[in-house]
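Source file: target15.txt; contents: compact mmCIF, C-alpha atoms and all ligand atoms.
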# COMPACT_ATOMS: atom_id res chain seq x y z
CA MET E 1 93.99 64.07 121.03
CA GLY E 2 93.31 64.58 124.73
CA PRO E 3 92.43 61.63 126.95
CA LEU E 4 88.97 63.05 127.77
CA MET E 5 86.60 60.94 125.68
CA THR E 6 83.20 61.56 127.22
CA LYS E 7 81.48 64.79 126.38
CA ARG E 8 80.51 67.15 129.13
CA THR E 9 77.05 68.70 129.08
CA VAL E 10 77.19 72.48 129.00
CA THR E 11 74.81 75.38 129.55
CA VAL E 12 75.81 78.93 128.68
CA LEU E 13 73.80 81.57 130.55
CA GLY E 14 74.14 84.92 128.78
CA CYS E 15 75.47 83.33 125.58
CA THR E 16 75.02 86.42 123.39
CA GLY E 17 77.15 88.79 125.48
CA SER E 18 80.84 89.49 125.41
CA ILE E 19 81.70 86.58 127.73
CA GLY E 20 79.07 84.30 126.15
CA VAL E 21 80.51 84.78 122.67
CA SER E 22 84.07 84.26 123.94
CA THR E 23 82.91 81.09 125.71
CA LEU E 24 81.37 79.57 122.59
CA ASP E 25 84.44 80.54 120.60
CA LEU E 26 86.70 78.82 123.13
CA LEU E 27 84.46 75.74 123.32
CA GLY E 28 84.72 75.54 119.53
CA HIS E 29 88.38 74.61 120.06
CA VAL E 30 87.41 71.60 122.22
CA GLU E 31 84.22 70.75 120.34
CA ASP E 32 84.69 67.00 120.73
CA GLU E 33 84.45 67.35 124.51
CA VAL E 34 81.33 69.53 124.51
CA GLU E 35 77.62 68.84 124.34
CA ILE E 36 75.74 72.11 124.66
CA VAL E 37 72.34 71.44 126.21
CA GLY E 38 71.11 74.99 126.85
CA LEU E 39 71.74 78.52 125.63
CA THR E 40 70.09 81.60 127.16
CA ALA E 41 70.00 85.32 126.36
CA GLY E 42 68.23 88.48 127.51
CA ARG E 43 66.94 90.18 124.37
CA ASN E 44 69.35 89.46 121.53
CA VAL E 45 67.10 86.96 119.77
CA ALA E 46 68.93 87.10 116.43
CA ARG E 47 72.29 86.12 117.91
CA LEU E 48 70.73 83.51 120.20
CA ALA E 49 69.03 81.84 117.22
CA GLU E 50 72.23 81.94 115.20
CA GLN E 51 74.20 80.30 118.03
CA ALA E 52 71.46 77.70 118.57
CA LEU E 53 71.47 76.79 114.88
CA GLN E 54 75.21 76.29 115.07
CA TRP E 55 75.42 74.39 118.37
CA ARG E 56 72.02 72.60 118.36
CA PRO E 57 71.33 72.61 122.12
CA ARG E 58 68.20 70.93 123.41
CA VAL E 59 66.76 74.30 124.42
CA ALA E 60 67.31 78.00 123.70
CA ILE E 61 65.72 80.53 126.07
CA ILE E 62 65.14 84.24 125.63
CA GLU E 63 64.43 86.14 128.84
CA ASP E 64 62.16 88.74 127.21
CA GLU E 65 58.90 86.84 126.69
CA SER E 66 57.70 89.19 123.96
CA LEU E 67 60.48 87.79 121.76
CA LEU E 68 59.39 84.15 122.00
CA PRO E 69 57.39 84.17 118.73
CA GLU E 70 60.43 85.47 116.88
CA LEU E 71 62.70 82.88 118.51
CA ARG E 72 60.25 80.11 117.58
CA GLU E 73 60.14 81.31 114.02
CA ARG E 74 63.90 81.51 113.70
CA LEU E 75 64.34 78.00 115.16
CA ASN E 76 61.41 76.50 113.31
CA GLY E 77 62.10 72.92 112.21
CA CYS E 78 65.66 72.71 113.57
CA GLY E 79 64.83 70.59 116.62
CA VAL E 80 65.87 73.14 119.26
CA VAL E 81 63.10 73.90 121.76
CA ALA E 82 62.42 77.64 122.10
CA GLN E 83 61.41 78.97 125.52
CA ALA E 84 61.16 82.35 127.27
CA GLY E 85 61.28 83.97 130.70
CA GLY E 86 63.48 84.17 133.77
CA ALA E 87 61.83 81.15 135.41
CA ALA E 88 62.66 78.97 132.39
CA ILE E 89 66.29 80.12 132.55
CA ARG E 90 66.46 79.30 136.26
CA ASP E 91 64.91 75.86 135.68
CA LEU E 92 67.39 75.09 132.92
CA ALA E 93 70.28 76.17 135.14
CA GLY E 94 68.93 73.86 137.85
CA GLU E 95 69.04 70.79 135.62
CA GLY E 96 72.61 70.05 136.66
CA ALA E 97 74.64 70.26 133.46
CA ASP E 98 78.25 69.22 134.03
CA TRP E 99 79.55 72.74 133.32
CA VAL E 100 77.60 75.99 133.46
CA MET E 101 78.97 79.31 132.24
CA SER E 102 77.34 82.03 134.34
CA ALA E 103 77.64 85.12 132.11
CA ILE E 104 74.41 87.05 132.58
CA VAL E 105 75.08 90.65 133.55
CA GLY E 106 73.86 92.01 136.89
CA ALA E 107 71.80 90.65 139.78
CA ALA E 108 69.58 88.98 137.17
CA GLY E 109 72.25 86.27 137.13
CA LEU E 110 71.81 85.36 140.79
CA ALA E 111 68.75 83.07 140.65
CA PRO E 112 70.03 80.87 137.79
CA THR E 113 73.57 80.77 139.19
CA LEU E 114 72.26 79.70 142.59
CA ALA E 115 70.10 77.06 140.89
CA ALA E 116 73.19 75.70 139.13
CA ALA E 117 75.08 75.70 142.43
CA ARG E 118 72.30 73.78 144.16
CA ALA E 119 72.29 71.27 141.29
CA GLY E 120 75.99 70.51 141.81
CA SER E 121 77.27 71.79 138.46
CA ILE E 122 80.77 73.11 137.97
CA ILE E 123 80.09 76.83 137.57
CA ALA E 124 82.44 78.96 135.52
CA LEU E 125 81.56 82.25 137.17
CA ALA E 126 81.77 85.48 135.20
CA ASN E 127 78.64 87.01 136.75
CA LYS E 128 80.40 88.71 139.67
CA GLU E 129 77.19 90.42 140.78
CA SER E 130 75.74 87.10 141.98
CA LEU E 131 78.71 86.65 144.31
CA VAL E 132 78.43 90.24 145.52
CA CYS E 133 74.71 89.77 146.28
CA ALA E 134 74.88 86.36 147.93
CA GLY E 135 78.47 85.12 147.90
CA PRO E 136 78.57 83.02 151.07
CA ALA E 137 75.25 81.31 150.31
CA LEU E 138 76.20 80.64 146.70
CA LEU E 139 79.55 79.10 147.63
CA ALA E 140 78.01 77.04 150.43
CA ALA E 141 75.31 75.73 148.09
CA ALA E 142 77.89 74.69 145.50
CA LYS E 143 79.97 72.95 148.14
CA ALA E 144 77.00 71.16 149.67
CA ALA E 145 75.84 69.87 146.30
CA GLY E 146 79.30 68.61 145.36
CA GLY E 147 79.90 71.05 142.54
CA GLY E 148 82.24 74.00 142.47
CA VAL E 149 82.74 77.58 141.47
CA ILE E 150 85.70 78.45 139.25
CA PRO E 151 86.17 82.19 138.77
CA VAL E 152 86.31 83.57 135.25
CA ASP E 153 86.86 87.21 136.17
CA SER E 154 90.47 87.59 135.06
CA GLU E 155 91.75 88.86 138.42
CA HIS E 156 90.10 86.05 140.35
CA SER E 157 91.17 83.46 137.81
CA ALA E 158 94.72 84.75 138.33
CA ILE E 159 94.48 84.41 142.11
CA PHE E 160 92.81 81.01 141.79
CA GLN E 161 95.71 79.85 139.61
CA VAL E 162 98.49 81.06 141.90
CA LEU E 163 96.94 80.15 145.24
CA GLN E 164 99.12 77.56 146.90
CA PRO E 165 97.86 75.06 149.48
CA VAL E 166 99.28 76.78 152.58
CA SER E 167 98.37 76.72 156.26
CA PRO E 168 95.71 79.15 157.44
CA GLY E 169 97.03 82.68 157.87
CA ARG E 170 99.91 82.31 155.42
CA ILE E 171 98.42 84.60 152.80
CA ALA E 172 99.35 88.19 153.57
CA ARG E 173 97.44 89.99 150.80
CA LEU E 174 95.51 89.56 147.62
CA ILE E 175 96.42 92.29 145.15
CA LEU E 176 93.87 92.97 142.43
CA THR E 177 95.23 94.76 139.41
CA ALA E 178 93.08 97.36 137.64
CA SER E 179 93.64 98.92 134.24
CA GLY E 180 92.34 102.23 135.58
CA GLY E 181 89.83 102.42 132.73
CA PRO E 182 89.39 105.24 130.22
CA PHE E 183 89.60 108.00 132.88
CA ARG E 184 92.76 106.79 134.61
CA THR E 185 94.53 110.11 134.03
CA ALA E 186 91.47 112.33 133.42
CA SER E 187 90.75 115.44 135.47
CA ILE E 188 87.67 115.55 137.67
CA GLU E 189 86.19 118.15 135.28
CA THR E 190 86.60 115.81 132.32
CA MET E 191 85.01 113.01 134.33
CA ALA E 192 82.07 115.23 135.33
CA ALA E 193 81.35 115.89 131.65
CA ALA E 194 82.01 112.32 130.42
CA THR E 195 79.54 110.80 127.95
CA PRO E 196 78.48 107.14 127.83
CA GLU E 197 80.54 106.75 124.62
CA GLN E 198 83.69 107.93 126.40
CA ALA E 199 82.98 105.80 129.47
CA ILE E 200 82.51 102.54 127.57
CA ALA E 201 85.62 102.98 125.40
CA HIS E 202 87.81 100.72 127.51
CA PRO E 203 91.53 100.89 126.67
CA ASN E 204 92.34 97.16 126.91
CA TRP E 205 89.24 94.97 127.12
CA SER E 206 86.16 94.75 124.90
CA MET E 207 83.21 94.12 127.25
CA GLY E 208 79.48 94.69 127.73
CA ALA E 209 78.29 98.26 128.41
CA LYS E 210 77.55 97.81 132.12
CA ILE E 211 80.92 96.39 133.12
CA SER E 212 82.64 98.94 130.89
CA VAL E 213 81.02 101.78 132.85
CA ASP E 214 81.93 99.94 136.06
CA SER E 215 85.55 99.89 134.89
CA ALA E 216 85.42 103.63 134.21
CA THR E 217 84.12 104.40 137.73
CA MET E 218 86.30 101.62 139.18
CA MET E 219 83.18 100.18 140.79
CA ASN E 220 84.21 97.10 138.83
CA LYS E 221 87.24 96.83 141.10
CA GLY E 222 85.01 97.47 144.10
CA LEU E 223 82.73 94.61 143.07
CA GLU E 224 85.83 92.48 142.49
CA MET E 225 87.16 93.25 145.95
CA ILE E 226 83.93 91.85 147.41
CA GLU E 227 84.03 88.94 145.00
CA ALA E 228 87.62 88.14 146.08
CA SER E 229 86.77 88.40 149.75
CA TYR E 230 84.04 85.78 149.43
CA LEU E 231 85.80 83.49 146.96
CA PHE E 232 89.08 83.34 148.86
CA ASP E 233 87.79 84.02 152.37
CA MET E 234 89.90 87.13 152.94
CA PRO E 235 88.96 90.22 154.98
CA PRO E 236 88.78 93.63 153.25
CA THR E 237 91.93 94.74 155.08
CA GLN E 238 93.95 92.13 153.20
CA ILE E 239 92.76 92.98 149.70
CA ASP E 240 94.54 95.76 147.84
CA VAL E 241 94.08 97.35 144.44
CA LEU E 242 96.97 98.27 142.17
CA VAL E 243 96.54 100.26 138.96
CA HIS E 244 98.37 98.56 136.11
CA PRO E 245 97.45 100.13 132.75
CA GLN E 246 98.91 97.37 130.54
CA SER E 247 96.53 94.67 131.93
CA VAL E 248 99.23 92.01 131.65
CA VAL E 249 99.58 91.03 135.31
CA HIS E 250 96.05 89.89 136.13
CA SER E 251 96.48 89.78 139.93
CA LEU E 252 98.90 88.71 142.65
CA VAL E 253 99.02 86.81 145.92
CA GLU E 254 101.51 87.85 148.60
CA TYR E 255 102.45 85.20 151.14
CA THR E 256 103.62 85.83 154.70
CA ASP E 257 107.24 85.01 153.82
CA GLY E 258 107.34 88.00 151.47
CA SER E 259 107.05 85.98 148.26
CA THR E 260 104.50 87.26 145.74
CA LEU E 261 103.07 85.14 142.92
CA ALA E 262 101.41 86.67 139.88
CA GLN E 263 99.63 85.36 136.80
CA LEU E 264 100.25 87.03 133.44
CA GLY E 265 98.55 86.86 130.08
CA PRO E 266 97.22 88.90 127.18
CA PRO E 267 93.91 90.68 127.86
CA ASP E 268 91.71 87.98 126.32
CA MET E 269 88.88 86.49 128.38
CA ARG E 270 89.13 83.21 126.51
CA SER E 271 92.20 82.47 128.61
CA PRO E 272 90.43 82.46 132.03
CA ILE E 273 87.47 80.72 130.36
CA ALA E 274 89.83 77.99 129.10
CA CYS E 275 91.21 77.65 132.61
CA ALA E 276 87.70 77.30 134.07
CA TRP E 277 86.90 74.66 131.45
CA SER E 278 89.88 72.40 131.99
CA TRP E 279 90.95 73.02 135.59
CA PRO E 280 93.10 71.46 137.04
CA ASP E 281 94.29 70.38 133.60
CA ARG E 282 95.07 72.72 130.69
CA ILE E 283 93.83 72.63 127.14
CA THR E 284 95.90 73.29 124.05
CA TRP E 285 94.47 75.90 121.73
CA PRO E 286 95.89 78.67 119.53
CA ALA E 287 95.75 81.23 122.30
CA PRO E 288 97.21 84.69 121.78
CA ARG E 289 100.64 84.63 123.45
CA LEU E 290 102.25 87.19 125.64
CA ASP E 291 105.20 88.98 124.02
CA LEU E 292 106.84 90.70 126.97
CA ALA E 293 109.74 91.98 124.89
CA ALA E 294 107.27 93.76 122.59
CA ILE E 295 105.38 95.17 125.60
CA GLY E 296 108.68 96.30 127.12
CA GLN E 297 107.43 97.89 130.31
CA LEU E 298 104.90 97.09 132.99
CA THR E 299 103.90 99.95 135.29
CA PHE E 300 102.01 100.12 138.58
CA THR E 301 100.51 102.96 140.64
CA ALA E 302 98.27 103.26 143.67
CA PRO E 303 94.58 104.01 142.89
CA ASP E 304 93.22 107.53 143.43
CA GLU E 305 90.23 107.18 145.78
CA GLN E 306 89.40 110.87 145.40
CA ARG E 307 88.53 110.57 141.72
CA PHE E 308 87.33 106.97 142.14
CA PRO E 309 85.25 106.91 145.36
CA ALA E 310 83.66 103.60 144.29
CA LEU E 311 86.65 101.78 145.77
CA ARG E 312 86.02 103.31 149.17
CA ILE E 313 82.27 102.70 148.93
CA ALA E 314 82.79 99.02 148.11
CA ARG E 315 85.32 98.50 150.88
CA SER E 316 82.92 100.02 153.34
CA ALA E 317 79.98 97.91 152.07
CA LEU E 318 82.12 94.80 152.46
CA THR E 319 83.09 95.83 155.99
CA VAL E 320 79.43 96.47 156.93
CA GLY E 321 78.56 93.08 155.44
CA ALA E 322 75.07 91.51 155.60
CA GLY E 323 72.97 93.09 152.86
CA ALA E 324 75.25 96.05 152.16
CA PRO E 325 77.08 94.56 149.14
CA ALA E 326 73.77 93.51 147.53
CA ALA E 327 72.34 96.98 148.16
CA MET E 328 75.45 98.60 146.73
CA ASN E 329 75.24 96.43 143.64
CA ALA E 330 71.57 97.23 143.02
CA ALA E 331 72.09 100.98 143.45
CA ASN E 332 75.02 100.79 141.06
CA GLU E 333 72.95 98.95 138.44
CA VAL E 334 70.25 101.63 138.66
CA ALA E 335 72.77 104.47 138.48
CA VAL E 336 74.73 102.97 135.57
CA ALA E 337 71.50 102.48 133.60
CA ALA E 338 70.54 106.11 134.27
CA PHE E 339 73.99 107.26 133.12
CA LEU E 340 73.78 105.17 129.95
CA ASP E 341 70.34 106.76 129.37
CA ARG E 342 72.01 110.18 129.74
CA ARG E 343 69.78 111.02 132.71
CA ILE E 344 72.66 111.60 135.15
CA GLY E 345 76.30 112.55 134.87
CA PHE E 346 79.27 110.22 135.28
CA LEU E 347 80.24 111.35 138.78
CA ASP E 348 76.61 111.06 139.90
CA ILE E 349 76.91 107.27 139.65
CA ALA E 350 79.11 106.97 142.73
CA SER E 351 77.15 109.69 144.55
CA THR E 352 73.91 107.79 143.96
CA VAL E 353 75.37 104.56 145.28
CA SER E 354 76.90 106.18 148.32
CA GLU E 355 73.76 108.10 149.28
CA THR E 356 71.53 105.07 148.72
CA LEU E 357 73.67 103.06 151.13
CA ASP E 358 73.57 105.85 153.71
CA ARG E 359 69.78 106.00 153.55
CA LEU E 360 69.37 102.23 153.77
CA ASN E 361 71.79 102.03 156.68
CA GLY E 362 69.84 104.73 158.45
CA VAL E 363 66.59 102.76 158.41
CA GLY E 364 68.19 99.41 159.28
CA ASP E 365 66.90 97.81 156.07
CA LEU E 366 70.11 95.94 155.52
CA ASP E 367 69.63 93.80 158.61
CA ALA E 368 66.71 92.02 156.97
CA TYR E 369 69.40 90.17 155.04
CA ASN E 370 70.20 87.81 157.87
CA GLY E 371 68.11 84.72 158.30
CA GLY E 372 65.86 83.06 155.78
CA ASP E 373 66.50 82.00 152.23
CA ALA E 374 69.60 83.63 150.71
CA LEU E 375 67.98 84.30 147.39
CA GLU E 376 64.88 85.86 148.95
CA CYS E 377 66.99 88.05 151.24
CA ALA E 378 69.21 89.21 148.41
CA MET E 379 66.20 89.94 146.21
CA MET E 380 64.47 91.88 149.01
CA ILE E 381 67.53 94.06 149.51
CA ASP E 382 67.87 94.42 145.76
CA VAL E 383 64.30 95.68 145.39
CA SER E 384 64.45 98.18 148.26
CA SER E 385 67.83 99.48 147.18
CA ARG E 386 66.61 100.00 143.60
CA ARG E 387 63.64 101.95 144.94
CA VAL E 388 65.80 104.21 147.11
CA ALA E 389 68.41 104.63 144.36
CA ALA E 390 65.72 105.81 141.93
CA GLN E 391 64.64 108.45 144.46
CA VAL E 392 68.22 109.51 145.13
CA LEU E 393 69.19 109.86 141.52
CA SER E 394 66.13 111.93 140.64
CA ARG E 395 68.01 114.77 142.35
CA PHE E 396 70.81 114.53 139.81
CA GLU E 397 68.56 114.10 136.81
CA ARG E 398 69.08 116.48 133.96
CA ILE E 399 66.15 118.54 132.93
CA GLY E 400 65.16 118.32 129.27
P1 LIG E 501 77.07 91.62 128.12
O1 LIG E 501 76.16 92.75 128.37
O2 LIG E 501 77.93 91.65 126.90
O3 LIG E 501 76.22 90.25 128.07
C1 LIG E 501 75.25 89.94 129.03
C2 LIG E 501 74.49 88.68 128.65
O4 LIG E 501 73.41 88.51 129.58
C3 LIG E 501 73.83 88.74 127.28
O5 LIG E 501 73.77 87.44 126.73
C4 LIG E 501 72.42 89.23 127.60
O6 LIG E 501 71.49 88.89 126.59
C5 LIG E 501 72.14 88.53 128.90
N1 LIG E 501 71.19 89.23 129.76
C6 LIG E 501 71.14 90.55 130.03
N2 LIG E 501 70.14 90.83 130.90
C7 LIG E 501 69.55 89.65 131.19
C8 LIG E 501 68.44 89.28 132.01
N3 LIG E 501 67.75 90.18 132.74
N4 LIG E 501 68.10 87.98 132.08
C9 LIG E 501 68.78 87.06 131.36
N5 LIG E 501 69.82 87.34 130.55
C10 LIG E 501 70.20 88.63 130.47
O7 LIG E 501 77.98 91.46 129.42
P2 LIG E 501 79.42 90.80 129.54
O8 LIG E 501 80.45 91.82 129.33
O9 LIG E 501 79.48 89.53 128.75
O10 LIG E 501 79.45 90.45 131.10
C11 LIG E 501 78.71 89.36 131.64
C12 LIG E 501 79.13 89.16 133.09
O11 LIG E 501 80.50 88.79 133.12
C13 LIG E 501 79.00 90.41 133.96
O12 LIG E 501 78.63 90.05 135.25
C14 LIG E 501 80.42 90.98 133.96
O13 LIG E 501 80.70 91.72 135.12
C15 LIG E 501 81.23 89.70 133.93
N6 LIG E 501 82.58 89.87 133.37
C16 LIG E 501 82.72 90.27 132.08
C17 LIG E 501 83.99 90.44 131.54
C18 LIG E 501 84.18 90.83 130.10
O14 LIG E 501 85.33 90.87 129.63
N7 LIG E 501 83.15 91.11 129.33
C19 LIG E 501 85.12 90.23 132.35
C20 LIG E 501 84.93 89.82 133.67
C21 LIG E 501 83.65 89.63 134.17
MG MG E 502 87.86 91.62 136.17

In structure tokens, how does this file's structure come out?
Amino acid sequence: MGPLMTKRTVTVLGCTGSIGVSTLDLLGHVEDEVEIVGLTAGRNVARLAEQALQWRPRVAIIEDESLLPELRERLNGCGVVAQAGGAAIRDLAGEGADWVMSAIVGAAGLAPTLAAARAGSIIALANKESLVCAGPALLAAAKAAGGGVIPVDSEHSAIFQVLQPVSPGRIARLILTASGGPFRTASIETMAAATPEQAIAHPNWSMGAKISVDSATMMNKGLEMIEASYLFDMPPTQIDVLVHPQSVVHSLVEYTDGSTLAQLGPPDMRSPIACAWSWPDRITWPAPRLDLAAIGQLTFTAPDEQRFPALRIARSALTVGAGAPAAMNAANEVAVAAFLDRRIGFLDIASTVSETLDRLNGVGDLDAYNGGDALECAMMIDVSSRRVAAQVLSRFERIG
């Protein structure tokens, strides 16, 4: 069919998650172009083994080392090498596959994504936290090694697709759309009492638990604002958020002549993944199509920063710069995990992040970010922010 005859080598980091599964599904439509060399997962050993038996990569890696015996047993005799641990994942990512899907959740994705960048791979980037923690260094490493970063986050894929080659200063604004999540119209009292089940029930997208909670607090949009600033080299003052409950317009770029370009599509992550696979070409696959007549209406409103303070927190972290975004991300990961564990309430997530940043700012810890190795700096900030966040959230913790 297509003119592309040689197979590209592919590694999927986080293959068992929501994005990982969508990636393998999409790659199944272009199977003749794909040679999977590595698959990695955190703890879901059953799904990892199943995917490895189907795709026959050279190596399958489980991060949790206690699960290696089970992985070995499940892959016994099939010719796929079973490995375990974060270092093995990072080494695999650093082997320089042609195309690497970065779909681990959280700051845990940073080390392997940076390794892939340094190896010159084309990185399809879903793991927004790695950009938030070390965006400039990650992008510079990819550029220096001759690879590239293609965003998979639907908003950033949209912007990437509609960005025109214009002179510097000709982009007025990037406008990130947000569904508003499950609490878009909820009262503050309802939000205060929200359970993890309610928070992860996203109206439009089916995603992993962490990003689903981030969507509910709108910290997801905060992380995406930072991600957009680094990816497209735009200051926080030129990045806006627009609530759009139908999730059809995935984001927009406004140019200085008043023209605004948008990208539209059904809420299916296989579409931005397909784009990241074939860019600047397009593949043909039986994608779900947009039926605008059936949808009928698209609506837009300004976000409510009172009920969703995460937007303000993220904008401020981006403005502070240096280690603040990495610190914000780490505190958010700690707080979301505590919420999912039912140790703190929903509104305590943003309070924990905000107070952690205040405390870290106060002691000048964030300045340690400048100078030295980007990964080490980001990890140092990550560790100290997690420590402070754990102290901060103990105040909110429910008793019994
Ligand atoms: P998920 O929780 O469904 O999957 C995460 C994957 O990472 C799994 O394969 C898991 O086994 C692995 N993993 C978890 N912890 C790990 C660790 N410490 N070390 C190694 N591997 C680990 O998450 P997801 O929804 O697929 O999201 C993945 C990333 O993509 C996140 O950064 C998220 O923000 C981003 N993203 C997701 C969507 C979506 O629709 N799901 C959309 C845009 C961006
Ligand atoms: Mg997104």

Please identify all polymer residues within 12 Å of Ala144 of chain E, counting all atoms listed in the file, omitting same-chain residues fewer than 2 positions from it, and present them as an mmCIF file with C-alpha atoms, in the coordinates of the input.
data_model
loop_
_atom_site.group_PDB
_atom_site.id
_atom_site.type_symbol
_atom_site.label_atom_id
_atom_site.label_comp_id
_atom_site.auth_asym_id
_atom_site.auth_seq_id
_atom_site.Cartn_x
_atom_site.Cartn_y
_atom_site.Cartn_z
ATOM 1 C CA ALA E 117 75.080 75.700 142.430
ATOM 2 C CA ARG E 118 72.300 73.780 144.160
ATOM 3 C CA ALA E 119 72.290 71.270 141.290
ATOM 4 C CA GLY E 120 75.990 70.510 141.810
ATOM 5 C CA SER E 121 77.270 71.790 138.460
ATOM 6 C CA ALA E 137 75.250 81.310 150.310
ATOM 7 C CA LEU E 138 76.200 80.640 146.700
ATOM 8 C CA LEU E 139 79.550 79.100 147.630
ATOM 9 C CA ALA E 140 78.010 77.040 150.430
ATOM 10 C CA ALA E 141 75.310 75.730 148.090
ATOM 11 C CA ALA E 142 77.890 74.690 145.500
ATOM 12 C CA GLY E 146 79.300 68.610 145.360
ATOM 13 C CA GLY E 147 79.900 71.050 142.540
ATOM 14 C CA GLY E 148 82.240 74.000 142.470
ATOM 15 C CA VAL E 149 82.740 77.580 141.470
#

> Taking (85.9, 71.4, 125.5) in the file's coordinates as the center, which residues reach within 9 Å of it, counting all atoms listed in the file, put as a VMD selection string?
Replying inline: chain E and resid 7 to 8 26 to 35 274 277 to 278 283

>> Any residue with an atom at most 12 Å from ligand MG 502 (chain E) counts, using all atoms listed in the file. Which are they? Put them as a count of residues only.
In response: 49

> So, counting all atoms listed in the file, which residue among E:Cys377, E:Leu75, E:Val21, E:Ala103 is closest to ligand LIG 501 (chain E)?
Replying inline: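 Closest to ligand LIG 501 (chain E), using all atoms listed in the file: E:Ala103.
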
>> Give me, as a VMD selection string, all polymer residues having an atom no more than 6 Å from segment 12-14 of chain E, counting all atoms listed in the file and skipping those fewer than 3 positions away in the same chain.
In response: chain E and resid 17 20 39 to 41 100 to 104

Residues just named, written with C-alpha atoms as a PDB file, keeping the file's coordinate frame:
ATOM      1  CA  GLY E  17      77.150  88.790 125.480  1.00  0.00           C
ATOM      2  CA  GLY E  20      79.070  84.300 126.150  1.00  0.00           C
ATOM      3  CA  LEU E  39      71.740  78.520 125.630  1.00  0.00           C
ATOM      4  CA  THR E  40      70.090  81.600 127.160  1.00  0.00           C
ATOM      5  CA  ALA E  41      70.000  85.320 126.360  1.00  0.00           C
ATOM      6  CA  VAL E 100      77.600  75.990 133.460  1.00  0.00           C
ATOM      7  CA  MET E 101      78.970  79.310 132.240  1.00  0.00           C
ATOM      8  CA  SER E 102      77.340  82.030 134.340  1.00  0.00           C
ATOM      9  CA  ALA E 103      77.640  85.120 132.110  1.00  0.00           C
ATOM     10  CA  ILE E 104      74.410  87.050 132.580  1.00  0.00           C
TER      11      ILE E 104
END

>> Using all atoms listed in the file for the distances, tell me which of E:Ala216, E:Val45, E:Cys133, E:Ala60 is nearest to ligand LIG 501 (chain E).
In response: E:Val45

> Which of these residues is nearest to ligand LIG 501 (chain E), using all atoms listed in the file: E:Gln51, E:Thr6, E:Met234, E:Pro57?
Replying inline: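 Distance minimum relative to ligand LIG 501 (chain E) lands on E:Gln51.
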
>> For a quick check of your reading of the model, name the residues lying within 7 Å of the coordinate (78.3, 72.9, 134.6), counting all atoms listed in the file, and write them as a PyMOL selection string.
In response: chain E and resi 10-11+96-101+121-123

Keeping only C-alpha atoms, write those residues as an mmCIF file, in the coordinates of the input.
data_model
loop_
_atom_site.group_PDB
_atom_site.id
_atom_site.type_symbol
_atom_site.label_atom_id
_atom_site.label_comp_id
_atom_site.auth_asym_id
_atom_site.auth_seq_id
_atom_site.Cartn_x
_atom_site.Cartn_y
_atom_site.Cartn_z
ATOM 1 C CA VAL E 10 77.190 72.480 129.000
ATOM 2 C CA THR E 11 74.810 75.380 129.550
ATOM 3 C CA GLY E 96 72.610 70.050 136.660
ATOM 4 C CA ALA E 97 74.640 70.260 133.460
ATOM 5 C CA ASP E 98 78.250 69.220 134.030
ATOM 6 C CA TRP E 99 79.550 72.740 133.320
ATOM 7 C CA VAL E 100 77.600 75.990 133.460
ATOM 8 C CA MET E 101 78.970 79.310 132.240
ATOM 9 C CA SER E 121 77.270 71.790 138.460
ATOM 10 C CA ILE E 122 80.770 73.110 137.970
ATOM 11 C CA ILE E 123 80.090 76.830 137.570
#

> Between atom O10 of ligand LIG 501 (chain E) and atom CA of Ile175 of chain E, what is the distance, to one decimal in Å?
Replying inline: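 Atom CA of Ile175 of chain E lies 22.1 Å from atom O10 of ligand LIG 501 (chain E).
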
> Nearest to Ile200 of chain E among E:Met380, E:Ala115, E:Leu357, E:Val213, with distances taken over all atoms listed in the file: which residue is it?
Replying inline: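 Closest to Ile200 of chain E, using all atoms listed in the file: E:Val213.
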
Provide segment 116-121 of chain E rebuilt to N, CA, C and O atoms, formatted as a compact mmCIF listing (two decimals), in the frame of the given file.
# COMPACT_ATOMS: atom_id res chain seq x y z
N ALA E 116 72.12 76.57 139.63
CA ALA E 116 73.19 75.70 139.13
C ALA E 116 74.06 75.21 140.29
O ALA E 116 74.49 74.05 140.31
N ALA E 117 74.29 76.09 141.26
CA ALA E 117 75.08 75.70 142.43
C ALA E 117 74.37 74.60 143.21
O ALA E 117 74.99 73.60 143.59
N ARG E 118 73.07 74.77 143.40
CA ARG E 118 72.30 73.78 144.16
C ARG E 118 72.21 72.45 143.42
O ARG E 118 72.01 71.41 144.02
N ALA E 119 72.36 72.50 142.09
CA ALA E 119 72.29 71.27 141.29
C ALA E 119 73.65 70.57 141.21
O ALA E 119 73.76 69.50 140.61
N GLY E 120 74.69 71.18 141.78
CA GLY E 120 75.99 70.51 141.81
C GLY E 120 76.81 70.63 140.54
O GLY E 120 77.75 69.86 140.33
N SER E 121 76.47 71.58 139.69
CA SER E 121 77.27 71.79 138.46
C SER E 121 78.62 72.42 138.81
O SER E 121 78.76 73.06 139.85
